[in-house]
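Next up, start26.pdb (PDB, C-alpha atoms and all ligand atoms):
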```
MODEL        1
ATOM      1  CA  VAL A  47     -44.060   8.093 -24.585  1.00  0.00           C
ATOM      2  CA  THR A  48     -42.168   5.340 -26.328  1.00  0.00           C
ATOM      3  CA  TYR A  49     -38.508   5.020 -25.656  1.00  0.00           C
ATOM      4  CA  THR A  50     -36.377   3.251 -28.168  1.00  0.00           C
ATOM      5  CA  PHE A  51     -33.035   1.995 -27.041  1.00  0.00           C
ATOM      6  CA  THR A  52     -30.576   0.942 -29.650  1.00  0.00           C
ATOM      7  CA  ARG A  53     -27.414  -0.576 -28.350  1.00  0.00           C
ATOM      8  CA  PRO A  54     -24.260  -0.672 -30.418  1.00  0.00           C
ATOM      9  CA  THR A  55     -22.918  -4.077 -31.287  1.00  0.00           C
ATOM     10  CA  LEU A  56     -20.545  -5.615 -28.785  1.00  0.00           C
ATOM     11  CA  THR A  57     -17.412  -6.662 -30.642  1.00  0.00           C
ATOM     12  CA  PHE A  58     -14.867  -9.235 -29.518  1.00  0.00           C
ATOM     13  CA  CYS A  59     -11.496  -8.374 -31.034  1.00  0.00           C
ATOM     14  CA  ASP A  60      -8.671 -10.906 -30.953  1.00  0.00           C
ATOM     15  CA  VAL A  61      -5.116  -9.601 -30.493  1.00  0.00           C
ATOM     16  CA  ASP A  62      -2.503 -11.932 -32.063  1.00  0.00           C
ATOM     17  CA  GLY A  63      -2.889 -12.370 -35.809  1.00  0.00           C
ATOM     18  CA  VAL A  64      -5.261  -9.387 -35.892  1.00  0.00           C
ATOM     19  CA  LEU A  65      -3.510  -6.514 -34.111  1.00  0.00           C
ATOM     20  CA  ALA A  66      -0.175  -8.041 -33.041  1.00  0.00           C
ATOM     21  CA  GLU A  67       2.491  -9.719 -35.204  1.00  0.00           C
ATOM     22  CA  PHE A  68       2.810 -12.889 -33.124  1.00  0.00           C
ATOM     23  CA  ALA A  69       3.970 -15.138 -35.983  1.00  0.00           C
ATOM     24  CA  PHE A  70       7.073 -12.983 -36.458  1.00  0.00           C
ATOM     25  CA  ALA A  71       7.809 -12.758 -32.723  1.00  0.00           C
ATOM     26  CA  PHE A  72       7.406 -16.514 -32.254  1.00  0.00           C
ATOM     27  CA  SER A  73       9.226 -17.631 -35.402  1.00  0.00           C
ATOM     28  CA  ARG A  74      12.075 -15.263 -34.514  1.00  0.00           C
ATOM     29  CA  LEU A  75      12.555 -17.048 -31.194  1.00  0.00           C
ATOM     30  CA  LEU A  76      12.725 -20.384 -33.005  1.00  0.00           C
ATOM     31  CA  HIS A  77      15.040 -18.919 -35.642  1.00  0.00           C
ATOM     32  CA  LEU A  78      17.531 -17.748 -33.022  1.00  0.00           C
ATOM     33  CA  GLU A  79      17.603 -21.221 -31.441  1.00  0.00           C
ATOM     34  CA  PHE A  80      17.149 -23.594 -34.399  1.00  0.00           C
ATOM     35  CA  GLY A  81      17.806 -21.524 -37.527  1.00  0.00           C
ATOM     36  CA  THR A  82      14.261 -22.115 -38.798  1.00  0.00           C
ATOM     37  CA  PRO A  83      12.772 -19.420 -41.067  1.00  0.00           C
ATOM     38  CA  ILE A  84      11.309 -16.183 -39.747  1.00  0.00           C
ATOM     39  CA  THR A  85       7.687 -16.029 -40.850  1.00  0.00           C
ATOM     40  CA  TYR A  86       5.304 -13.079 -40.890  1.00  0.00           C
ATOM     41  CA  THR A  87       1.564 -13.559 -40.338  1.00  0.00           C
ATOM     42  CA  ARG A  88       0.824 -12.899 -44.020  1.00  0.00           C
ATOM     43  CA  GLU A  89       3.158 -15.790 -44.953  1.00  0.00           C
ATOM     44  CA  VAL A  90       1.858 -18.439 -42.536  1.00  0.00           C
ATOM     45  CA  SER A  91       0.342 -21.141 -44.722  1.00  0.00           C
ATOM     46  CA  ASP A  92      -1.232 -23.399 -42.095  1.00  0.00           C
ATOM     47  CA  TRP A  93      -2.390 -22.908 -38.498  1.00  0.00           C
ATOM     48  CA  ALA A  94      -0.464 -26.075 -37.585  1.00  0.00           C
ATOM     49  CA  TRP A  95       3.171 -25.029 -37.383  1.00  0.00           C
ATOM     50  CA  ASP A  96       4.360 -28.598 -37.956  1.00  0.00           C
ATOM     51  CA  LYS A  97       3.032 -28.235 -41.511  1.00  0.00           C
ATOM     52  CA  GLN A  98       5.548 -25.430 -42.003  1.00  0.00           C
ATOM     53  CA  GLY A  99       8.658 -27.358 -41.074  1.00  0.00           C
ATOM     54  CA  ILE A 100       8.551 -26.615 -37.337  1.00  0.00           C
ATOM     55  CA  THR A 101       8.717 -29.790 -35.259  1.00  0.00           C
ATOM     56  CA  LYS A 102       6.407 -30.354 -32.305  1.00  0.00           C
ATOM     57  CA  GLU A 103       9.458 -30.207 -30.031  1.00  0.00           C
ATOM     58  CA  GLN A 104      10.566 -26.838 -31.446  1.00  0.00           C
ATOM     59  CA  PHE A 105       7.027 -25.546 -31.128  1.00  0.00           C
ATOM     60  CA  ALA A 106       6.788 -26.639 -27.487  1.00  0.00           C
ATOM     61  CA  TRP A 107      10.246 -25.191 -26.802  1.00  0.00           C
ATOM     62  CA  GLY A 108       9.001 -21.841 -28.138  1.00  0.00           C
ATOM     63  CA  PHE A 109       6.244 -21.607 -25.545  1.00  0.00           C
ATOM     64  CA  GLU A 110       8.594 -22.767 -22.778  1.00  0.00           C
ATOM     65  CA  ARG A 111      10.962 -20.014 -23.870  1.00  0.00           C
ATOM     66  CA  ILE A 112       8.137 -17.428 -23.791  1.00  0.00           C
ATOM     67  CA  GLU A 113       7.469 -18.392 -20.180  1.00  0.00           C
ATOM     68  CA  THR A 114      10.995 -17.266 -19.315  1.00  0.00           C
ATOM     69  CA  ILE A 115      11.012 -13.963 -21.222  1.00  0.00           C
ATOM     70  CA  PRO A 116       9.927 -10.988 -19.121  1.00  0.00           C
ATOM     71  CA  ASP A 117       7.010  -9.176 -20.763  1.00  0.00           C
ATOM     72  CA  PHE A 118       7.276 -11.084 -24.048  1.00  0.00           C
ATOM     73  CA  TRP A 119       3.787  -9.921 -25.057  1.00  0.00           C
ATOM     74  CA  LEU A 120       4.554  -6.309 -24.310  1.00  0.00           C
ATOM     75  CA  GLN A 121       7.410  -6.491 -26.822  1.00  0.00           C
ATOM     76  CA  CYS A 122       5.332  -8.072 -29.583  1.00  0.00           C
ATOM     77  CA  PRO A 123       5.466  -5.974 -32.790  1.00  0.00           C
ATOM     78  CA  THR A 124       2.315  -4.523 -34.303  1.00  0.00           C
ATOM     79  CA  LEU A 125       0.446  -6.082 -37.215  1.00  0.00           C
ATOM     80  CA  ALA A 126      -2.304  -3.481 -37.645  1.00  0.00           C
ATOM     81  CA  THR A 127      -1.271  -0.098 -39.080  1.00  0.00           C
ATOM     82  CA  PRO A 128      -1.124   3.156 -37.053  1.00  0.00           C
ATOM     83  CA  GLU A 129      -4.242   4.309 -38.957  1.00  0.00           C
ATOM     84  CA  GLN A 130      -6.089   1.134 -37.966  1.00  0.00           C
ATOM     85  CA  PHE A 131      -5.079   1.538 -34.314  1.00  0.00           C
ATOM     86  CA  LYS A 132      -6.319   5.132 -34.457  1.00  0.00           C
ATOM     87  CA  ARG A 133      -9.615   3.916 -35.843  1.00  0.00           C
ATOM     88  CA  ILE A 134      -9.925   1.306 -33.074  1.00  0.00           C
ATOM     89  CA  ALA A 135      -8.944   3.861 -30.426  1.00  0.00           C
ATOM     90  CA  ASP A 136     -11.653   6.266 -31.641  1.00  0.00           C
ATOM     91  CA  ALA A 137     -14.222   3.467 -31.816  1.00  0.00           C
ATOM     92  CA  ALA A 138     -13.318   2.010 -28.398  1.00  0.00           C
ATOM     93  CA  SER A 139     -14.321   5.287 -26.741  1.00  0.00           C
ATOM     94  CA  ARG A 140     -17.897   5.029 -28.069  1.00  0.00           C
ATOM     95  CA  LEU A 141     -18.470   1.334 -28.894  1.00  0.00           C
ATOM     96  CA  PRO A 142     -18.155  -1.698 -26.626  1.00  0.00           C
ATOM     97  CA  ILE A 143     -15.049  -3.526 -27.807  1.00  0.00           C
ATOM     98  CA  LEU A 144     -13.643  -6.379 -25.770  1.00  0.00           C
ATOM     99  CA  PHE A 145     -10.117  -7.470 -26.611  1.00  0.00           C
ATOM    100  CA  VAL A 146     -10.172 -11.225 -26.091  1.00  0.00           C
ATOM    101  CA  THR A 147      -6.942 -13.184 -26.044  1.00  0.00           C
ATOM    102  CA  ALA A 148      -5.796 -16.676 -25.115  1.00  0.00           C
ATOM    103  CA  ARG A 149      -2.122 -15.753 -24.821  1.00  0.00           C
ATOM    104  CA  ALA A 150       0.111 -18.183 -22.976  1.00  0.00           C
ATOM    105  CA  PRO A 151       1.975 -17.049 -19.863  1.00  0.00           C
ATOM    106  CA  SER A 152       5.251 -15.174 -20.101  1.00  0.00           C
ATOM    107  CA  ALA A 153       7.543 -14.003 -17.314  1.00  0.00           C
ATOM    108  CA  GLY A 154       7.123 -10.513 -15.929  1.00  0.00           C
ATOM    109  CA  ASP A 155       3.702  -8.957 -15.660  1.00  0.00           C
ATOM    110  CA  SER A 156       0.493 -10.945 -16.152  1.00  0.00           C
ATOM    111  CA  VAL A 157      -0.772 -11.593 -19.688  1.00  0.00           C
ATOM    112  CA  TYR A 158      -3.716  -9.345 -18.828  1.00  0.00           C
ATOM    113  CA  HIS A 159      -1.554  -6.387 -17.785  1.00  0.00           C
ATOM    114  CA  GLN A 160       0.918  -6.851 -20.638  1.00  0.00           C
ATOM    115  CA  THR A 161      -1.949  -6.847 -23.127  1.00  0.00           C
ATOM    116  CA  VAL A 162      -3.618  -3.777 -21.583  1.00  0.00           C
ATOM    117  CA  ARG A 163      -0.293  -1.925 -21.624  1.00  0.00           C
ATOM    118  CA  TRP A 164       0.445  -3.022 -25.207  1.00  0.00           C
ATOM    119  CA  LEU A 165      -2.941  -1.757 -26.420  1.00  0.00           C
ATOM    120  CA  GLU A 166      -2.372   1.513 -24.531  1.00  0.00           C
ATOM    121  CA  MET A 167       0.991   1.836 -26.296  1.00  0.00           C
ATOM    122  CA  GLN A 168      -0.942   1.679 -29.590  1.00  0.00           C
ATOM    123  CA  GLY A 169      -3.112   4.592 -28.452  1.00  0.00           C
ATOM    124  CA  ILE A 170      -6.133   2.649 -27.166  1.00  0.00           C
ATOM    125  CA  ALA A 171      -6.991   4.233 -23.811  1.00  0.00           C
ATOM    126  CA  GLU A 172      -8.231   1.998 -20.982  1.00  0.00           C
ATOM    127  CA  PRO A 173      -8.874  -1.061 -23.174  1.00  0.00           C
ATOM    128  CA  LEU A 174     -11.232  -3.775 -21.965  1.00  0.00           C
ATOM    129  CA  VAL A 175      -9.250  -7.015 -22.032  1.00  0.00           C
ATOM    130  CA  ILE A 176     -10.326 -10.568 -21.287  1.00  0.00           C
ATOM    131  CA  VAL A 177      -7.780 -13.364 -21.111  1.00  0.00           C
ATOM    132  CA  SER A 178      -9.699 -16.524 -21.897  1.00  0.00           C
ATOM    133  CA  LYS A 179      -8.755 -19.432 -19.713  1.00  0.00           C
ATOM    134  CA  ARG A 180      -7.139 -21.968 -21.954  1.00  0.00           C
ATOM    135  CA  GLY A 181      -3.702 -20.761 -22.984  1.00  0.00           C
ATOM    136  CA  GLY A 182      -3.392 -20.312 -26.730  1.00  0.00           C
ATOM    137  CA  MET A 183      -0.525 -22.544 -27.714  1.00  0.00           C
ATOM    138  CA  GLY A 184      -1.630 -23.144 -31.236  1.00  0.00           C
ATOM    139  CA  GLY A 185      -4.530 -25.300 -30.125  1.00  0.00           C
ATOM    140  CA  GLY A 186      -8.177 -24.647 -29.421  1.00  0.00           C
ATOM    141  CA  THR A 187      -9.341 -21.921 -27.068  1.00  0.00           C
ATOM    142  CA  ASP A 188     -12.438 -21.558 -24.919  1.00  0.00           C
ATOM    143  CA  LYS A 189     -13.150 -18.045 -26.220  1.00  0.00           C
ATOM    144  CA  ALA A 190     -16.540 -19.070 -27.599  1.00  0.00           C
ATOM    145  CA  ASP A 191     -17.638 -20.037 -24.057  1.00  0.00           C
ATOM    146  CA  LEU A 192     -17.633 -16.309 -23.247  1.00  0.00           C
ATOM    147  CA  ILE A 193     -20.969 -15.971 -25.028  1.00  0.00           C
ATOM    148  CA  GLU A 194     -22.528 -17.514 -21.906  1.00  0.00           C
ATOM    149  CA  HIS A 195     -21.799 -14.160 -20.254  1.00  0.00           C
ATOM    150  CA  PHE A 196     -21.555 -11.721 -23.143  1.00  0.00           C
ATOM    151  CA  ASN A 197     -23.563 -11.236 -26.285  1.00  0.00           C
ATOM    152  CA  PRO A 198     -21.182 -10.254 -29.060  1.00  0.00           C
ATOM    153  CA  GLY A 199     -22.674  -9.154 -32.349  1.00  0.00           C
ATOM    154  CA  LEU A 200     -19.348  -9.603 -34.096  1.00  0.00           C
ATOM    155  CA  VAL A 201     -16.087 -11.427 -33.472  1.00  0.00           C
ATOM    156  CA  ILE A 202     -12.870 -10.349 -35.182  1.00  0.00           C
ATOM    157  CA  GLU A 203     -10.497 -13.331 -35.241  1.00  0.00           C
ATOM    158  CA  ASP A 204      -7.681 -15.001 -37.114  1.00  0.00           C
ATOM    159  CA  ALA A 205      -7.934 -18.542 -35.689  1.00  0.00           C
ATOM    160  CA  PRO A 206     -10.045 -20.685 -38.027  1.00  0.00           C
ATOM    161  CA  HIS A 207     -11.159 -23.144 -35.316  1.00  0.00           C
ATOM    162  CA  THR A 208     -12.161 -20.291 -32.978  1.00  0.00           C
ATOM    163  CA  ALA A 209     -14.116 -18.679 -35.818  1.00  0.00           C
ATOM    164  CA  VAL A 210     -15.951 -21.960 -36.395  1.00  0.00           C
ATOM    165  CA  ALA A 211     -16.669 -22.326 -32.652  1.00  0.00           C
ATOM    166  CA  PHE A 212     -18.397 -18.919 -32.660  1.00  0.00           C
ATOM    167  CA  ALA A 213     -20.165 -19.592 -35.961  1.00  0.00           C
ATOM    168  CA  ARG A 214     -21.591 -22.853 -34.593  1.00  0.00           C
ATOM    169  CA  ARG A 215     -23.196 -20.775 -31.833  1.00  0.00           C
ATOM    170  CA  GLY A 216     -24.639 -18.312 -34.322  1.00  0.00           C
ATOM    171  CA  VAL A 217     -22.186 -15.456 -33.766  1.00  0.00           C
ATOM    172  CA  PRO A 218     -20.965 -13.664 -36.917  1.00  0.00           C
ATOM    173  CA  VAL A 219     -17.201 -13.639 -37.395  1.00  0.00           C
ATOM    174  CA  ALA A 220     -14.952 -11.355 -39.402  1.00  0.00           C
ATOM    175  CA  LEU A 221     -12.046 -13.731 -40.038  1.00  0.00           C
ATOM    176  CA  MET A 222      -8.759 -12.246 -41.175  1.00  0.00           C
ATOM    177  CA  ASP A 223      -8.063 -13.395 -44.708  1.00  0.00           C
ATOM    178  CA  TRP A 224      -4.592 -14.850 -44.119  1.00  0.00           C
ATOM    179  CA  PRO A 225      -3.309 -17.915 -46.021  1.00  0.00           C
ATOM    180  CA  TYR A 226      -3.964 -20.154 -42.966  1.00  0.00           C
ATOM    181  CA  THR A 227      -7.540 -19.069 -42.294  1.00  0.00           C
ATOM    182  CA  SER A 228      -9.359 -20.332 -45.366  1.00  0.00           C
ATOM    183  CA  THR A 229     -10.061 -23.905 -44.249  1.00  0.00           C
ATOM    184  CA  ASP A 230     -12.793 -26.314 -45.378  1.00  0.00           C
ATOM    185  CA  ASP A 231     -14.421 -25.961 -41.967  1.00  0.00           C
ATOM    186  CA  VAL A 232     -14.499 -22.180 -42.383  1.00  0.00           C
ATOM    187  CA  TRP A 233     -16.098 -22.488 -45.813  1.00  0.00           C
ATOM    188  CA  ALA A 234     -18.667 -24.867 -44.351  1.00  0.00           C
ATOM    189  CA  HIS A 235     -19.739 -22.022 -42.028  1.00  0.00           C
ATOM    190  CA  SER A 236     -19.586 -19.236 -44.597  1.00  0.00           C
ATOM    191  CA  GLY A 237     -23.081 -18.119 -43.573  1.00  0.00           C
ATOM    192  CA  TYR A 238     -21.538 -16.767 -40.368  1.00  0.00           C
ATOM    193  CA  ILE A 239     -17.875 -16.290 -41.266  1.00  0.00           C
ATOM    194  CA  LYS A 240     -16.711 -13.545 -43.602  1.00  0.00           C
ATOM    195  CA  LEU A 241     -13.092 -13.647 -44.741  1.00  0.00           C
ATOM    196  CA  CYS A 242     -11.891 -10.053 -44.838  1.00  0.00           C
ATOM    197  CA  ASN A 243      -9.138  -7.620 -43.918  1.00  0.00           C
ATOM    198  CA  LEU A 244      -9.054  -5.560 -40.722  1.00  0.00           C
ATOM    199  CA  ASP A 245     -10.510  -2.430 -42.346  1.00  0.00           C
ATOM    200  CA  GLN A 246     -13.506  -4.415 -43.578  1.00  0.00           C
ATOM    201  CA  ALA A 247     -13.872  -6.017 -40.121  1.00  0.00           C
ATOM    202  CA  LEU A 248     -13.883  -2.569 -38.513  1.00  0.00           C
ATOM    203  CA  ASP A 249     -16.538  -1.472 -41.016  1.00  0.00           C
ATOM    204  CA  MET A 250     -18.651  -4.418 -39.868  1.00  0.00           C
ATOM    205  CA  ALA A 251     -18.104  -3.434 -36.226  1.00  0.00           C
ATOM    206  CA  GLY A 252     -19.322   0.097 -36.964  1.00  0.00           C
ATOM    207  CA  ALA A 253     -15.924   1.516 -36.033  1.00  0.00           C
TER     208      ALA A 253
HETATM  209 MG    MG A 301      -5.352 -14.737 -32.870  1.00  0.00          MG
ENDMDL
END
```
Output the file's structure as structure tokens, nothing else.
Amino acid sequence: VTYTFTRPTLTFCDVDGVLAEFAFAFSRLLHLEFGTPITYTREVSDWAWDKQGITKEQFAWGFERIETIPDFWLQCPTLATPEQFKRIADAASRLPILFVTARAPSAGDSVYHQTVRWLEMQGIAEPLVIVSKRGGMGGGTDKADLIEHFNPGLVIEDAPHTAVAFARRGVPVALMDWPYTSTDDVWAHSGYIKLCNLDQALDMAGA
């Protein structure tokens, strides 16, 4: 008797810039303090906020402010549509999906618990969440180091440098096609990185 085991692809799914509207939530904080423009994810032109008229000091202030706001991440608005969350919820019950985030600390509950609760609020029951160690404050993350312990077949991301870090290690990436994601470095790794929207990424994940 020959047994054939086929395992579904493990997918890493990022949260901010993929499922959650972080750019709005963050730029709104800065707007209330400095009068700078409110920017939605679809309007962000460059990953580096200082290329959009936000100073390094304002940027740093934003993350200091987040540290004082109870459950900032729990209050973050959605970016994905209700239909897309339904699709993810259905898929997460039969496919291994890890929600991987490098969110910075806020007051209140831990980033892990806020993110679990937020995903549950979007209808995703008992989500598997990993908070990668280096806090995501617009810089690099250590998300790609997780492949020492996990073997993702697909990564859904919006951070161009994180996408490249996975691609360099041979992991395919569905990179959200926002104005800030199409960098030269991304194009240089186009064998592993596909610029697409969330529905196309979920197709790739088999969701
Ligand atoms: Mg992100």
Requested in this report: Could you tell me, counting all atoms listed in the file, which protein and nucleic acid residues lie no more than 12 Å from ligand MG 301 (chain A), written as a ChimeraX atom specification?
Outcome: /A:58-69,87,93,125,145-150,178,181-187,189,201-209,221-222,224,226-227
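Closest to Asn243 in chain A among A:Gln98, A:Gln130, A:Asn197, A:Gln104 is A:Gln130, based on all atoms listed in the file.
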Requested in this report: Evaluate the PyMOL selection byres (((chain A and resi 154) around 7) and not hetatm) on the structure here and hand back the selected residues as a list in words.
Outcome: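 With the PyMOL selection byres (((chain A and resi 154) around 7) and not hetatm) on this model, the match is Pro116, Asp117, Ser152, Ala153, Asp155 and Ser156 of chain A.
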Query raised in the report: With only C-alpha atoms as the atoms that count, which of A:Ile112, A:Val210, A:Glu194, A:Arg74 lies nearest to Thr229 in chain A?
Result: A:Val210
Query raised in the report: At what distance in Å, to one decimal, does CA of Asp92 in chain A lie from CA of Thr161 in chain A?
Result: 25.2 Å
Query - Residue with smallest distance to Gly252 in chain A - pool A:Leu174, A:Met167, A:Ala211, A:Ile143, counting all atoms listed in the file - result: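 Result for the nearest residue to Gly252 in chain A: A:Ile143.
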Query raised in the report: What is the CA of Gly216 in chain A-CA of Gln246 in chain A distance in Å, reported with one decimal?
Result: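 Interatomic distance here is 20.1 Å.
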Query - Contacts of Thr82 in chain A within 10 Å, only C-alpha atoms, excl. fewer than 2 positions in-chain, as a list in words - result: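 Neighbouring residues, sequence-local ones excluded: Ser73, Arg74, Leu75, Leu76, His77, Leu78, Glu79, Phe80, Ile84, Thr85, Gln98, Gly99, Ile100 and Gln104 of chain A.
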Query raised in the report: Do you know which residues are at most 6 Å from Leu200 in chain A counting all atoms listed in the file, after dropping those on the same chain fewer than 6 positions away, and could you put them as a list in words?
Result: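 Close residues of Leu200 in chain A: Thr57, Pro218 and Val219 of chain A.
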Report task. Could you give me, as number ranges by chain, the residues that have an atom at most 10 Å away from the point (-12.6, -1.9, -31.9) in the coordinates of the file, using all atoms listed in the file? Result -> A: 56-60, 130-145, 170, 173, 202, 247-249, 251-253
Report task. Counting all atoms listed in the file, figure out which residue out of A:Val232, A:Ala171, A:Ala94, A:Ile115 gets nearest to Ala71 in chain A. Result ->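 Nearest to Ala71 in chain A: A:Ile115.
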Around all the atoms of range 202-218 of chain A listed in the file, draw an axis-aligned box and extend it by 4 Å on each of the six sides; I want its centre and edge lengths in Å to one decimal, as lines of an AutoDock Vina configuration file.
```
center_x = -16.2
center_y = -16.7
center_z = -34.9
size_x = 25.0
size_y = 20.8
size_z = 14.2
```
